[in-house]
Each structure stands twice: as structure tokens, then as C-alpha cells.
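One structure is given below, encoded as C-alpha cells.
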Number of protein chains: 2
Amino acid sequence: MDPHALTRELHVKNDSKIVMLIADGLGGLPMTPGGKTELETAKKPNLDALAKIGVQGASIPVIPGIAPGSGPGHLGLFGYDPVKYLIGRGALEATGIGFAMHPGDVAARGNFCTLDAAGKISDRRAGRIPTEESAPLAVRLRQAKVPGYEIFVEPVKEHRFVVVFRGPGLAGNVKDTDPQATGVPPHRAEAHDTASKKTADVANQWIAPATKLLFGEKKASGLTLRGFAARPDLPSYEEVYGLKAAAIAVYPMYKGLAQLVGMEIIGKAQTLAEQMATLEANWSKYDFFFIHFKYTDSTGEDGNFDAKVKKIEELDAAIPRITALKPKVLIVTGDHSTPSYIKAHSWHPVPTLLVSDCCRPDGHATFGENTAIRGGLGQFKAKYLMTLALANAGRLSKYGA
Amino acid sequence: MDPHALTRELHVKNDSKIVMLIADGLGGLPMTPGGKTELETAKKPNLDALAKIGVQGASIPVIPGIAPGSGPGHLGLFGYDPVKYLIGRGALEATGIGFAMHPGDVAARGNFCTLDAAGKISDRRAGRIPTEESAPLAVRLRQAKVPGYEIFVEPVKEHRFVVVFRGPGLAGNVKDTDPQATGVPPHRAEAHDTASKKTADVANQWIAPATKLLFGEKKASGLTLRGFAARPDLPSYEEVYGLKAAAIAVYPMYKGLAQLVGMEIIGKAQTLAEQMATLEANWSKYDFFFIHFKYTDSTGEDGNFDAKVKKIEELDAAIPRITALKPKVLIVTGDHSTPSYIKAHSWHPVPTLLVSDCCRPDGHATFGENTAIRGGLGQFKAKYLMTLALANAGRLSKYGA
């Protein structure tokens, strides 16, 4: 069930403020059976105080058992069914470096590779060339042109870069030119469908001069393109919720995801304190604020239980600056779990806390995985969280008479 | 949401082992309000020990309120949406006696009936003829032939038998020949759609000589066919999960269901101890083991609360032989509830226990209905259990980047 089928019709406007604080990879696991999770271990007086007046639940990012990447994880929390709305690899890569794709753009991930004298691939990752060496080469590729089209090349990391094709008649269904093997030349770009023929054509017209620009380079003497994808067509927050929304994120990926659903990216915060300052400075200007906190995920991926606990405690310390603004609805959640035990994104339901004056408190005195699964919101698909947010903000009218 | 839409793409292989122990009709009810269920009454130290390190949930076989038969009950646990994948009556009957239907086969349930001198039905169930008398008659019906087609007749119980039609151009959409009334002759087989015309034709060509073979029989002087159904087209465990799967079941019905999803039927166990021996002997050869235990259902259907408790205790005693093999994931569940109080399959969610090193234990010290509904897996549709199994086995990659 697509929640937008209801919210699009039912949303109403008022002057309430909604804050969604996403602690990336928030959910965790005990390191030993019977132990506590990272969230349960952390000293978090402010979150626990909210638990007493709020309602908890366990959010299922996609369906039980599925661990999402950042793309589907955030889309779910934003209320976009992550199975319905797919962000292709190239589009996510472009989004991830903060490139603002326009409707109709097609992006692909680029890999530098090493070609031998016969033009065959000898190293698919160009000897894992360091970023300092590869970034100038990516910039050099901008000199390759195709008449009638704008082509953007952006460095990423090591052997990776992004290409975005802009111009008339492009679609994203094009096969990889990476043959996934050495000893053979890169494939030509080839369309999977007729709508994407132009894209394959433009890509091939670009690949030839681009490859020439790399001639004589020792490591990065060739390139392959993978994961062609058009900008996903996501309805905007304004359209489906009637919300003027802002994103306060440090990392490009999350700014990019927010932009895809029509949020404005505000501030240039590099720290949580700066994010709070951005929130305060822009409080009157938006209805909805998405605040992204990365470090609960990165410490989990490192398998560093204690560091993840510390990051949760840092996040807790920032809570009073949010509550001082008196949002009508405050939600604290994560896009998925990243247990230190697993060192990766996982499928485990994510502890979620919702506070509003009209939520139905569930009697828990602390915020954690074990209270969340016994919480008043139960276990619910992440895609329903925005509907709950709107309801608690008094921004949804009755369905039917 | 069809979980296969995700698992088909995301599954990866490793050397983990998954065991799904299905105690048929496991869920129960207290005999009086405030009492304990069969599972809660049973002394089951091994299951309770697993509860301490595992996570529980309540599995909803189809949707809340729907009591499934064995077919949809098991299909759900196997991850096949039981509303999407229907097994027609005839196909289930054939499956239930262990007949291995081929793709393209059409099966029907047969009833012996009594015809009067005018060819009109005087008893729709042939005086509930005993199996000893009816089975030889079913075998006799094999003499009736239709050119170009193979026709299999298998005895079932009392007045029932199964007919399977095999040959070119058959489909299952054919009306019953049983008029559901006495004083009228059996209907001719009639197709509901053009694709099934050949089946109706072949059935009528077979019914005439088959009925002649019964001429002069006192009770079973005629026959009717019901529930025509083609073999259901179920994708295999290998395709949707990448699992080499084995079934260790005593009763033909469960072997048949397992076969329909591509499991191999291993061993000839007649007792739980023999089933465990089969498991041990085949441990290295498969990724996934389905073990079926029938007696929690049959005692429930008998309304024998104490006997069901005993059967649960027997099952509990077998658990150490499974855990000794150190499966990566062990699941104990049922295909539906069969409360002794109701003496039938019921709709009540089924207590389900999942143990793996990366499950999130929910702090319960015992396995039962009341802990299951407060468990970390929450209430979930049975069709998501396999996705959880794969995730806990490390056999699913991340969805989206």
C-alpha cells in the first residue's frame, strides 16, 4: 500500500513543525546473548526522558529480513515505498557525491581501467589508483564533448568517477560497458530498450574521445561505464505531504537523497553542533526538518561497539537544542540497523521514538531495541512513519466521511 | 509484497545450514480463560533454552483470521505467498498421497457413488464404502484408457480416489461432474475455458469406460470427478533462495508439498528418531532442511490437550540432536494453530522461534504463545519467515546501495 495514495488527498496545512532526526544505522545487537545493544548501553538521559512522554516502535525498513542500503533506507523513512521507488546505481552514485540530477538526466558510474597495447583490459580498477592521481584525470575527461548534449564528469574515489549525460531523449536502460573480465576490450554501450538507444549512442560518442584523452597514462589508460540510470521520478514532499521541507546533513549522499524528494539543503554544517545551529537559524522557514547523523552507522560498520555507544551519547546531548524549539512532532529513528556485531547494515527492525502532545505514550522509561519492539507503534514498515508524523502534527484530515 | 521479488535478486551462497522444524498445528489455546496453552503447559527444557538465546514472534499464516489448510500453511512458511500461489483441490489430493505430478498434468479427486438402474445417483459416497473394498476398484479403473494420454488412478480412503491425466494440451479449469445431489446422473465434464476443453474431452472419454468397469458393483457402481487442477507452477527453492533443500517428512502430503517447491525428499523415516538420523546422515549434502512433525496437529484435532502436550515434549527431547549439528539458523514453528479446544485448524498466530548468532534476543525465558506475541519478531506474515532465515544465515546481500 502506497501511503501517498492517502496523504496526497488528505494533507492539510498548519503552522506545526516536524523534526525527523535520523541516526544512521541506529539499531544494534548485543555482543553476547543476554547483553545490551549499543543504544541500550548508552547513557542518554534526554532520549529516555522523551521515551517517557513518547511512543516507541520498531521500524522495518523494507520487509522482514531485508537489509537496505542508504537509498532505500532513507526513502522508506521519507514515506516512499522502497520497493516501488528504485534509485539506479548511477543515479545513486551521482546523488552520493551531491550532484543535483535534473529530470531526464542519465548517470553512470565510471571506472578507470588499464588497457594493454591491443586495447584489452589488463586491470579493471586501474591498479586501485589513488584519488590524488585519478581526480585530475576525471576532470580532464570533461574535454570530451558530444554535440547537443551536456556531459558532466565528477571524480569519486580511487578508480571511480561519475558521468552524467544531459540532453534530449535519454533513458537509463543501457548495458554496462564493463565486461567484468580482463583480456577483453570494454564493451560498447548497448541499449536494453528502444527508449535508451539515444543514451547508448551518446555514451559511445563520448567514450571514444574520452578514452583518447587517457592515451599514454600508465595506470588509467581506459574507462568503463556501469549502472546507467535515469534520475528517479519521485513526487515531492510538497506534493504528497504539503510540507516545505529542509535537510540538514553533513554528507553528500544524504543531501542528495533529500533533494530527490524535493527538500531544500540548508546550511553547511560539518558538526552536530553546527547542524543544531542551522536548525535554530531556519526554524521559522520550514515545516519539516530532516537531520542526518552519520556516525552511529560508521562506528557500527567499524565493529566498534564502544564508539557507537559514545556517538549515541553525543547525539543525546544535542536533543535539548531540538526540544527547546518545541517541535509539534519529534521523531528519532534510523534508516536501518548497523550492529557492531555484524559490522554491516542489517535487517533488524530499527528503534523509533515519536513524541507529540497527542501521541499515546506506551509507558516505557527508556529508549532501546527491547522497549521499541514492545512499544505503542508496534512493528511497522518504515514507509508509514511519515503518515504518523503528519497525523501527530494535525496535518491530515479524516479519510472518508 | 512477494518476498521472492527481492530474494531472487539478493540471495548469495555460503556454507551455512538452515533447519526449519515445523510442528504441524503447533499453536494452541487454554481450555479455560486464564489457563495455559498446550505449548505453555509442556515441559520443554530444550526449547526454553533456545528461547533465551533466540527471538520469538507470532506467525500469521495468511492474513489475520484465516485458518489455512496444510497447503497454504506450508507454502506460507516456505515463503510462497499463499494467496498468490494456489494449489487446486485435485493437485493437493494427488500431492497428499505422494503422487509426483509433472508440469502439464491435471489431477481430479474421484468419488465412488452408487447409481440406480436409471443411471441416477442414489448415494454420492457409495455408502461410505470401506477402503479395503474401494482400493481394488480404484486399481481396476486403470484399465480404462484414452488414446494419446496416460491416466493414473490412485486409491485414497473410503469412497475417494485420485485421477491424474497426463498428455498434450491439458489445463485444469474443468467443472465438477459431481452434481452435489442425488436423483440425477453425474454431469459430463465441461470446460470453464477454451484452454481446458481438451481436459474435459479426455475426462469424458475416460469416464465412460471407467464407469462400465464398475457395472454390477453394489455400492460403487459409478463415479464423479471434482476439483480438477493443474500442477501449480511454483518457482524452486534453488531459484528464489539459492538453497539446496531437503525435506524429512513422514506423511506423503508434506513430502508432496516440499517436492512442489523443489526440495528433495530424503530418507524413509517413520519416527522422529529416524527423522533425526536422516538429518544427521545428510547434514553435509544440503543447505536447508525442512523437518515435519505431524502429531501436534493430529492430537489437537482430536481435542486431546494432554496428548498434544506430550507430543510437544517428545519434540523437545529431539532438539539436542539438531543443535548438536550447529545449524547457523534454527527455526521452530507451525503451519497453523490446532487448538485442542477447537479440534480444528485455526487462525491464531503461530508461536515461532528463531535462533542464530546474529538474531536479536528478546529476553524471553520460555517459548509459548504469550511470549511469542511479545517477541522481537512481532507478529509477521508467515511468508516473510524464509527472508528472515536467509538474512540470519548471511545469505542475503544488501538491497540497494
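Letters for chains follow the order of the C-alpha cells (A, B, ...), residue numbers begin at 1 for each chain, and ligand numbers begin at 1 in the order shown.
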Please report, as a ChimeraX atom specification, each residue of region 48-100 of chain B to which DSSP assigns strand (DSSP E) when run on this structure's backbone. /B:55-60
At a cut-off of 10 Å, which residues of chain A touch chain B? Count only C-alpha atoms and give the answer as an MDAnalysis selection string. chainID A and resid 1 28:37 58 62:73 82:83 86:89 92:93 96 339 341:342 344:349 369:375 378:380
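Chain B and chain A, identical in sequence, superpose over all their Cα atoms with an RMSD of 0.3 Å.
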Would you give me, as a ChimeraX atom specification, the residues in region 110-228 of chain A that DSSP reads as helix (DSSP H, G or I)? /A:126-128,131-143,194-213
Excluding region 285-290 of chain B and any residue of its chain fewer than 6 positions from it, enumerate the residues within 9 Å of it, using only C-alpha atoms, and give them as an MDAnalysis selection string. chainID B and resid 14:22 243:249 258 263 279
